[in-house]
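Structure first, commentary second.
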Amino acid sequence: MPAVFYSQNFNSEVEAIINTNDNKNDILEVTGIAQNKTNVSYGLRYELSVITSNPQLTNNSSKNSQSGFFTLDPYQTNKLSSISVSVDPRMQTIILLLIYNEDDKLLGTARKVYKASSQIQSTQKENLSYKKENEGIQLYGLVTESTKTKPGKDFYDFFYQKYQLSQNPENKIIEIDEMISFGRTTRIMVKIENQIIFQFFSRPKLDYLEEMAGIALQRVNRYFQELRKQKQQITQY
């Protein structure tokens, strides 16, 4: 029996995101991502499915799925699963990501469809590098670097990789800055519009820098969510 989803406000609390990277020979690298858009922690379950069917034939379809349980801290972005998908131009391929809470309520959903003609349609917003509005160009997802040490560069690399997954389509430049502090230590700062969103004293350990990059991304996500709420309130009034 096919699943029926009634009209709800999906992706408002936890957003499901599907990233695809095209490779040669019609092979796609598919990554499922979950992004917490609230200040609440969640215990969640995901199901990432690939459904193929021949539009010329009935009862000719197959489904492969990966699933699992995970937790999501406030404003955190998590990579859930990655799979390789072979896209046959003669077949329709649907990639579907569903995210449920502990009560099995559907919170987030994303879907991409590759038709038999190899043309792609998507219900998910793509993370464009720029958008043309009013004959002008606005940059989206830009992260600049002004680091002075290897730990600073390592932190930038970790943060940028995680931020690419978050798909925040904001025309705000994120600055990664580093300043010499006491002794040989440095202070790494994450700024948006000259406002410090997150800062910490650096250490050379990679696991520490990766952890700080995750926390920094949570702070950035929270900042963008607050901006969106303010815009919505202004629009309502």
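In the structure tokens, chains take letters A, B, ... by order of appearance, with residues numbered from 1 within each chain and ligands from 1 in the order shown.
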Within 12 Å of Val143 (chain A) using only C-alpha atoms, minus same-chain residues under 4 positions, as a PyMOL selection string: chain A and resi 129+139+156-164+168+170-177+190-193+217+220
Mind checking which residues fall within 10 Å of region 39-50 of chain A, counting only C-alpha atoms, ignoring those fewer than 5 positions away in the same chain, and posting them as a ChimeraX atom specification? /A:13-14,16,18,30-34,62-76,80-86,93-113,218,222
Find the distance between CA of Lys79 (chain A) and CA of Arg219 (chain A) and write it in Å to one decimal.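 Separating CA of Lys79 (chain A) from CA of Arg219 (chain A) is a distance of 17.5 Å.
Minimum atom-to-atom distances from A:Lys153, A:Lys231, A:Arg203, A:Arg90 to Arg184 (chain A) were compared using only C-alpha atoms, and the lowest value belongs to A:Arg203.
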Fewer than 5 positions away in the same chain doesn't count, so skip those; otherwise give me all residues within 8 Å of Val87 (chain A), counting only C-alpha atoms, as a PyMOL selection string. chain A and resi 26-28+93+114
Export of the given selection (N, CA, C and O atoms) as a PDB file, in the first residue's frame:
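Output saved as result-v2.pdb:
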ATOM      1  N   ASP A  26      26.831   7.594 -15.380  1.00  0.00           N
ATOM      2  CA  ASP A  26      25.505   7.653 -14.760  1.00  0.00           C
ATOM      3  C   ASP A  26      25.502   7.149 -13.317  1.00  0.00           C
ATOM      4  O   ASP A  26      24.517   6.553 -12.853  1.00  0.00           O
ATOM      5  N   ILE A  27      26.589   7.363 -12.592  1.00  0.00           N
ATOM      6  CA  ILE A  27      26.662   6.999 -11.179  1.00  0.00           C
ATOM      7  C   ILE A  27      26.515   8.265 -10.340  1.00  0.00           C
ATOM      8  O   ILE A  27      27.222   9.246 -10.559  1.00  0.00           O
ATOM      9  N   LEU A  28      25.596   8.235  -9.383  1.00  0.00           N
ATOM     10  CA  LEU A  28      25.387   9.354  -8.474  1.00  0.00           C
ATOM     11  C   LEU A  28      25.870   8.984  -7.082  1.00  0.00           C
ATOM     12  O   LEU A  28      25.631   7.871  -6.605  1.00  0.00           O
ATOM     13  N   THR A  93      14.110   7.002 -11.669  1.00  0.00           N
ATOM     14  CA  THR A  93      14.755   6.790 -10.372  1.00  0.00           C
ATOM     15  C   THR A  93      14.296   7.875  -9.407  1.00  0.00           C
ATOM     16  O   THR A  93      14.418   9.066  -9.703  1.00  0.00           O
ATOM     17  N   TYR A 114      14.633  11.393 -11.074  1.00  0.00           N
ATOM     18  CA  TYR A 114      15.320  11.334 -12.356  1.00  0.00           C
ATOM     19  C   TYR A 114      14.400  10.587 -13.323  1.00  0.00           C
ATOM     20  O   TYR A 114      14.214   9.369 -13.200  1.00  0.00           O
TER      21      TYR A 114
END
